Amino acid sequence: MLALSLRTGFRAPPHSLRHLSSSSIQMVQKKIPASYYRGGTSKAVMFLADDLPRDRKEWDPIFRSVMGSPDINGRQLDGMGGGLSSVSKIAVISKATSAEKDVDYEFVQVGVKDEVIDYASNCGNILSAVGPFALEKGLLENVPQGAGSVTARIFNTNTSKLVNSTFTASSSSEADLDGDFAIDGVPGTASRITLDFVNPGGAKTGKTLPSGNAVDTINADTVPGYDGPEAHATLVDVGNPCVFLRASDVGVDGDILPDILEGKRDVLAKIEKIRRAGAYLMGMVSSIDAVPLTVPKICLVSPRASYKMASGGQLEAGSIDIVARVVSSGDPHRACPITTGLCIAAAANVEGSVVHESIDGTAPPADSEGIVIGHPTGKLAVAATVTEKDGLVVAEKATIYRTARKLMEGNVFYKSS
């Protein structure tokens, strides 16, 4: 029809044509100094707070444009994001004003397909990049002049928790991120970064076990407005809140891989309802309709077993203590979020919890210094100290090892009207 109309001189009405001209709202490119880091098994664009607008209301549209969100195709092709929640992240760093800490770190989760900008949670993986970034930006004081070990006291503003990050520096202004330490889910090796979480329990709720129970029953009687299946969950808040379920209780194998789980939309919908109910029982929200995108995480656990990883390699049962599959910001996670690992380590010490019951107490532990978690791309080892005070379970400290790498520094561009 188009060819015929051109030959006959027929002019189609304006509303039937695709307008190729620019819209009435003129968008211009602006730039902000930024760095791009891999931290653990995540990636983030990192900003100094001083380089961002003073009016925080201007941050959200900048972050969306930088990451390329929203993208209904889920690719974030027009930005720095990679189409998954684990690589759609922002970190904002500033020099601390208190003598007890060195830098403030605010984490921002950017939605991939939607416009959600979430400030509710911490990201433990990106934490591993904060210390090196802060050193190179001149935010740390009393650092060695030559090569040596540096400890940055990082205050996460999302959870009001302190984390000590210890890493190697090649000078007083540059981190040495090359080394021979490997973490599963990341190819190659790098310098080891030690993250010591100080009193990580109760990051959002004030309690390691927000409900005070080893297991909570989720149904319409316990959660107003809940219309999902009855579930028995363990609710833990260490680093970030997390809801734990047995994988078998939602009808999936414990070793299910992310790509397979992603295709089970009915299961993910069921899990999301349970996650929201868990947030209500934790006291995080007054309604299941008010639950943030990022927290609580939800984790499916199962007893240790040998399974095929996402790489096609085999993970042997004897090398782990438990199998975990995490859904974070609606996406099946390709590894295990650091803060979920902290929650698993704490819950493993709570008798009767879903996590505790999934660990074979008759078998020798995979690591005498902590718990080893099997995830889709390998293992994560976490050491945690959990005690009981005044009848309450308390997570006093936790340690985890990560790596980081600076991928880019310069200016990042965003669109502004």
# chains A, B, ... in the order shown; residues from 1 in each chain; ligands from 1
call {"tool": "residues_around", "arguments": {"residues": "Thr217 in chain A", "least_positions_apart": "4", "cutoff": "12 Å", "atoms": "only C-alpha atoms", "output": "VMD selection string"}}
result
chain A and resid 211 213 221 to 223 229 to 235 243 to 245 274 277 to 278 281 354
call {"tool": "closest_atom_pairs", "arguments": {"of": "range 325-381 of chain A", "to": "range 392-408 of chain A", "cutoff": "9 Å", "atoms": "only C-alpha atoms", "output": "JSON lines"}}
result
{"residue": "A:Ile338", "atom": "CA", "partner": "A:Ile400", "partner_atom": "CA", "distance": 7.9}
{"residue": "A:Gly341", "atom": "CA", "partner": "A:Ile400", "partner_atom": "CA", "distance": 9.0}
{"residue": "A:Leu342", "atom": "CA", "partner": "A:Ala398", "partner_atom": "CA", "distance": 6.8}
{"residue": "A:Ala345", "atom": "CA", "partner": "A:Ala398", "partner_atom": "CA", "distance": 8.5}
{"residue": "A:Ala346", "atom": "CA", "partner": "A:Ala395", "partner_atom": "CA", "distance": 6.5}
{"residue": "A:Val350", "atom": "CA", "partner": "A:Val393", "partner_atom": "CA", "distance": 7.8}
{"residue": "A:Leu380", "atom": "CA", "partner": "A:Ile400", "partner_atom": "CA", "distance": 8.6}
{"residue": "A:Ala381", "atom": "CA", "partner": "A:Ile400", "partner_atom": "CA", "distance": 7.0}
call {"tool": "write_last_selection", "arguments": {"atoms": "N, CA and C atoms", "output": "short mmCIF file (atom, residue, chain, number, x, y, z; two decimals), in the first residue's frame"}}
result
data_model
loop_
_atom_site.label_atom_id
_atom_site.label_comp_id
_atom_site.auth_asym_id
_atom_site.auth_seq_id
_atom_site.Cartn_x
_atom_site.Cartn_y
_atom_site.Cartn_z
N ILE A 338 26.26 -11.38 49.13
CA ILE A 338 27.05 -11.47 50.35
C ILE A 338 26.16 -11.41 51.59
N GLY A 341 24.47 -14.54 52.28
CA GLY A 341 25.43 -15.47 52.88
C GLY A 341 25.56 -15.23 54.38
N LEU A 342 25.56 -13.96 54.80
CA LEU A 342 25.63 -13.65 56.23
C LEU A 342 24.40 -14.19 56.95
N ALA A 345 24.68 -17.96 57.34
CA ALA A 345 25.62 -18.31 58.40
C ALA A 345 24.99 -18.12 59.78
N ALA A 346 24.20 -17.07 59.94
CA ALA A 346 23.53 -16.84 61.22
C ALA A 346 22.43 -17.87 61.46
N VAL A 350 20.77 -21.31 64.37
CA VAL A 350 19.47 -21.25 65.04
C VAL A 350 18.78 -22.60 64.91
N LEU A 380 30.51 -20.16 48.29
CA LEU A 380 30.77 -18.96 49.08
C LEU A 380 30.97 -19.39 50.52
N ALA A 381 32.11 -19.03 51.09
CA ALA A 381 32.41 -19.36 52.49
C ALA A 381 32.19 -18.13 53.36
#
call {"tool": "residues_around", "arguments": {"residues": "Asp184 in chain A", "least_positions_apart": "5", "cutoff": "8 Å", "atoms": "only C-alpha atoms", "output": "list in words"}}
result
Thr377, Gly378, Lys379 and Leu380 of chain A
call {"tool": "residues_around", "arguments": {"residues": "Pro292 in chain A", "least_positions_apart": "4", "cutoff": "9 Å", "atoms": "only C-alpha atoms", "output": "list in words"}}
result
Asp118, Tyr119, Ala120, Ser121, Arg276, Pro296 and Ser329 of chain A
call {"tool": "write_last_selection", "arguments": {"atoms": "all heavy atoms", "output": "CSV table (one decimal), in the first residue's frame"}}
result
chain,number,residue,atom,x,y,z
A,118,ASP,N,15.8,2.1,44.1
A,118,ASP,CA,15.6,1.5,45.5
A,118,ASP,C,16.8,1.8,46.4
A,118,ASP,O,18.0,1.4,46.0
A,118,ASP,CB,15.4,0.0,45.4
A,118,ASP,CG,14.8,-0.5,46.7
A,118,ASP,OD1,15.5,-0.4,47.7
A,118,ASP,OD2,13.7,-1.1,46.7
A,119,TYR,N,16.6,2.5,47.5
A,119,TYR,CA,17.7,2.9,48.4
A,119,TYR,C,17.6,2.0,49.7
A,119,TYR,O,18.2,2.4,50.7
A,119,TYR,CB,17.6,4.3,48.8
A,119,TYR,CG,17.8,5.3,47.7
A,119,TYR,CD1,16.7,5.7,46.8
A,119,TYR,CD2,19.1,5.9,47.4
A,119,TYR,CE1,16.9,6.6,45.8
A,119,TYR,CE2,19.2,6.8,46.4
A,119,TYR,CZ,18.2,7.1,45.6
A,119,TYR,OH,18.4,8.0,44.5
A,120,ALA,N,16.8,1.0,49.7
A,120,ALA,CA,16.5,0.3,50.9
A,120,ALA,C,17.5,-0.7,51.4
A,120,ALA,O,17.6,-1.0,52.6
A,120,ALA,CB,15.2,-0.5,50.8
A,121,SER,N,18.5,-1.2,50.6
A,121,SER,CA,19.3,-2.3,51.0
A,121,SER,C,20.8,-1.9,50.9
A,121,SER,O,21.2,-0.9,50.3
A,121,SER,CB,19.0,-3.5,50.2
A,121,SER,OG,19.5,-3.3,48.8
A,276,ARG,N,7.0,-10.9,50.2
A,276,ARG,CA,6.3,-9.8,50.7
A,276,ARG,C,5.6,-10.1,52.1
A,276,ARG,O,5.6,-9.2,53.0
A,276,ARG,CB,5.2,-9.3,49.7
A,276,ARG,CG,5.8,-8.7,48.5
A,276,ARG,CD,4.7,-8.4,47.4
A,276,ARG,NE,5.3,-7.6,46.3
A,276,ARG,CZ,5.4,-6.3,46.3
A,276,ARG,NH1,4.9,-5.6,47.3
A,276,ARG,NH2,5.9,-5.7,45.2
A,296,PRO,N,13.0,-7.7,51.7
A,296,PRO,CA,14.0,-8.8,51.9
A,296,PRO,C,14.4,-9.6,50.7
A,296,PRO,O,13.6,-9.6,49.7
A,296,PRO,CB,13.3,-9.7,53.0
A,296,PRO,CG,11.9,-9.5,52.7
A,296,PRO,CD,11.7,-8.1,52.3
A,329,SER,N,15.7,-8.8,43.8
A,329,SER,CA,15.1,-7.8,43.0
A,329,SER,C,14.3,-8.4,41.8
A,329,SER,O,14.3,-7.9,40.7
A,329,SER,CB,16.1,-6.8,42.4
A,329,SER,OG,16.8,-6.2,43.5
call {"tool": "closest_atom_pairs", "arguments": {"of": "range 142-230 of chain A", "to": "range 311-315 of chain A", "cutoff": "12 Å", "atoms": "only C-alpha atoms", "output": "CSV"}}
result
residue,atom,partner,partner_atom,distance
A:Asp184,CA,A:Ser311,CA,10.7
A:Gly185,CA,A:Ser311,CA,9.1
A:Val186,CA,A:Ser311,CA,11.3
A:Pro187,CA,A:Ser311,CA,11.1
call {"tool": "select_by_dssp", "arguments": {"residues": "range 55-124 of chain A", "states": "strand (DSSP E)", "output": "list in words"}}
result
Lys89, Ile90, Ala91, Val92, Ile93, Ser94, Lys95, Val103, Asp104, Tyr105, Glu106, Phe107, Val108, Gln109, Val110, Ile117 and Asp118 of chain A
call {"tool": "closest_residue", "arguments": {"among": "A:Leu140, A:Ile288, A:Val295, A:Ala366", "to": "Gly330 in chain A", "atoms": "only C-alpha atoms"}}
result
A:Val295
call {"tool": "residues_around", "arguments": {"residues": "Asp196 in chain A", "least_positions_apart": "5", "cutoff": "12 Å", "atoms": "only C-alpha atoms", "output": "MDAnalysis selection string"}}
result
chainID A and resid 124 127:128 151:155 161:167 239 338:339 342 382:385 396:402
call {"tool": "atom_distance", "arguments": {"atom1": "CA of Pro376 in chain A", "atom2": "CA of Met309 in chain A"}}
result
5.3 Å
call {"tool": "select_by_dssp", "arguments": {"residues": "range 195-356 of chain A", "states": "alpha helix (DSSP H)", "output": "JSON, numbers by chain"}}
result
{"A": [258, 259, 260, 261, 262, 265, 266, 267, 268, 269, 270, 271, 272, 273, 274, 275, 276, 277, 278, 279, 280, 281, 338, 339, 340, 341, 342, 343, 344, 345, 346, 347, 354, 355, 356]}
call {"tool": "write_last_selection", "arguments": {"atoms": "N, CA, C and O atoms", "output": "tab-separated table (two decimals), in the first residue's frame"}}
result
chain	number	residue	atom	x	y	z
A	258	PRO	N	19.65	-20.66	37.49
A	258	PRO	CA	18.90	-19.40	37.31
A	258	PRO	C	18.09	-19.32	36.03
A	258	PRO	O	16.95	-18.85	36.04
A	259	ASP	N	18.67	-19.76	34.91
A	259	ASP	CA	17.95	-19.67	33.64
A	259	ASP	C	16.67	-20.52	33.65
A	259	ASP	O	15.67	-20.15	33.04
A	260	ILE	N	16.73	-21.66	34.33
A	260	ILE	CA	15.55	-22.52	34.42
A	260	ILE	C	14.51	-21.89	35.35
A	260	ILE	O	13.32	-21.85	35.04
A	261	LEU	N	14.99	-21.41	36.50
A	261	LEU	CA	14.07	-20.79	37.45
A	261	LEU	C	13.42	-19.54	36.85
A	261	LEU	O	12.24	-19.26	37.08
A	262	GLU	N	14.17	-18.80	36.05
A	262	GLU	CA	13.64	-17.60	35.42
A	262	GLU	C	12.45	-17.91	34.52
A	262	GLU	O	11.54	-17.09	34.36
A	265	ARG	N	7.65	-18.75	35.72
A	265	ARG	CA	7.03	-17.53	36.19
A	265	ARG	C	6.02	-17.77	37.32
A	265	ARG	O	5.84	-16.93	38.20
A	266	ASP	N	5.37	-18.94	37.29
A	266	ASP	CA	4.41	-19.24	38.35
A	266	ASP	C	5.11	-19.41	39.69
A	266	ASP	O	4.62	-18.97	40.73
A	267	VAL	N	6.29	-20.06	39.66
A	267	VAL	CA	7.05	-20.24	40.89
A	267	VAL	C	7.56	-18.90	41.40
A	267	VAL	O	7.49	-18.60	42.60
A	268	LEU	N	8.08	-18.07	40.51
A	268	LEU	CA	8.58	-16.76	40.91
A	268	LEU	C	7.46	-15.89	41.49
A	268	LEU	O	7.68	-15.14	42.45
A	269	ALA	N	6.28	-15.99	40.91
A	269	ALA	CA	5.14	-15.23	41.43
A	269	ALA	C	4.78	-15.71	42.84
A	269	ALA	O	4.48	-14.90	43.74
A	270	LYS	N	4.83	-17.02	43.05
A	270	LYS	CA	4.56	-17.59	44.37
A	270	LYS	C	5.61	-17.12	45.38
A	270	LYS	O	5.29	-16.71	46.51
A	271	ILE	N	6.87	-17.16	44.96
A	271	ILE	CA	7.97	-16.74	45.83
A	271	ILE	C	7.84	-15.27	46.20
A	271	ILE	O	8.09	-14.87	47.34
A	272	GLU	N	7.45	-14.44	45.24
A	272	GLU	CA	7.32	-13.01	45.50
A	272	GLU	C	6.23	-12.74	46.53
A	272	GLU	O	6.40	-11.88	47.42
A	273	LYS	N	5.13	-13.47	46.48
A	273	LYS	CA	4.08	-13.30	47.48
A	273	LYS	C	4.59	-13.67	48.87
A	273	LYS	O	4.30	-12.98	49.86
A	274	ILE	N	5.35	-14.75	48.94
A	274	ILE	CA	5.91	-15.17	50.23
A	274	ILE	C	6.91	-14.16	50.74
A	274	ILE	O	6.97	-13.84	51.93
A	275	ARG	N	7.72	-13.61	49.83
A	275	ARG	CA	8.72	-12.58	50.21
A	275	ARG	C	8.03	-11.38	50.84
A	275	ARG	O	8.45	-10.86	51.88
A	276	ARG	N	6.97	-10.92	50.20
A	276	ARG	CA	6.26	-9.76	50.72
A	276	ARG	C	5.61	-10.05	52.07
A	276	ARG	O	5.63	-9.20	52.97
A	277	ALA	N	5.09	-11.25	52.22
A	277	ALA	CA	4.52	-11.64	53.51
A	277	ALA	C	5.59	-11.69	54.58
A	277	ALA	O	5.36	-11.30	55.74
A	278	GLY	N	6.76	-12.19	54.22
A	278	GLY	CA	7.87	-12.23	55.17
A	278	GLY	C	8.26	-10.86	55.64
A	278	GLY	O	8.57	-10.65	56.83
A	279	ALA	N	8.27	-9.88	54.74
A	279	ALA	CA	8.60	-8.51	55.12
A	279	ALA	C	7.60	-7.98	56.15
A	279	ALA	O	7.97	-7.29	57.11
A	280	TYR	N	6.32	-8.33	55.96
A	280	TYR	CA	5.29	-7.91	56.92
A	280	TYR	C	5.55	-8.53	58.30
A	280	TYR	O	5.50	-7.84	59.33
A	281	LEU	N	5.84	-9.82	58.32
A	281	LEU	CA	6.07	-10.49	59.60
A	281	LEU	C	7.35	-10.02	60.28
A	281	LEU	O	7.48	-10.12	61.50
A	338	ILE	N	26.26	-11.38	49.13
A	338	ILE	CA	27.05	-11.47	50.35
A	338	ILE	C	26.16	-11.41	51.59
A	338	ILE	O	26.32	-12.20	52.53
A	339	THR	N	25.23	-10.47	51.60
A	339	THR	CA	24.39	-10.34	52.80
A	339	THR	C	23.48	-11.54	53.00
A	339	THR	O	23.16	-11.90	54.14
A	340	THR	N	23.08	-12.21	51.92
A	340	THR	CA	22.32	-13.45	52.07
A	340	THR	C	23.21	-14.53	52.68
A	340	THR	O	22.76	-15.32	53.52
A	341	GLY	N	24.47	-14.54	52.28
A	341	GLY	CA	25.43	-15.47	52.88
A	341	GLY	C	25.56	-15.23	54.38
A	341	GLY	O	25.64	-16.19	55.17
A	342	LEU	N	25.56	-13.96	54.80
A	342	LEU	CA	25.63	-13.65	56.23
A	342	LEU	C	24.40	-14.19	56.95
A	342	LEU	O	24.49	-14.74	58.05
A	343	CYS	N	23.24	-14.02	56.32
A	343	CYS	CA	21.99	-14.52	56.92
A	343	CYS	C	22.01	-16.05	57.04
A	343	CYS	O	21.54	-16.61	58.04
A	344	ILE	N	22.53	-16.72	56.01
A	344	ILE	CA	22.62	-18.19	56.05
A	344	ILE	C	23.52	-18.63	57.20
A	344	ILE	O	23.19	-19.55	57.97
A	345	ALA	N	24.68	-17.96	57.34
A	345	ALA	CA	25.62	-18.31	58.40
A	345	ALA	C	24.99	-18.12	59.78
A	345	ALA	O	25.20	-18.92	60.69
A	346	ALA	N	24.20	-17.07	59.94
A	346	ALA	CA	23.53	-16.84	61.22
A	346	ALA	C	22.43	-17.87	61.46
A	346	ALA	O	22.33	-18.45	62.54
A	347	ALA	N	21.60	-18.09	60.44
A	347	ALA	CA	20.47	-19.02	60.59
A	347	ALA	C	20.93	-20.45	60.82
A	347	ALA	O	20.22	-21.25	61.44
A	354	VAL	N	14.81	-23.23	59.13
A	354	VAL	CA	14.82	-23.91	57.83
A	354	VAL	C	16.25	-24.17	57.38
A	354	VAL	O	16.56	-25.23	56.82
A	355	VAL	N	17.14	-23.23	57.64
A	355	VAL	CA	18.55	-23.39	57.25
A	355	VAL	C	19.21	-24.48	58.09
A	355	VAL	O	19.89	-25.37	57.56
A	356	HIS	N	19.04	-24.41	59.40
A	356	HIS	CA	19.65	-25.39	60.31
A	356	HIS	C	19.20	-26.80	59.96
A	356	HIS	O	20.01	-27.75	59.95
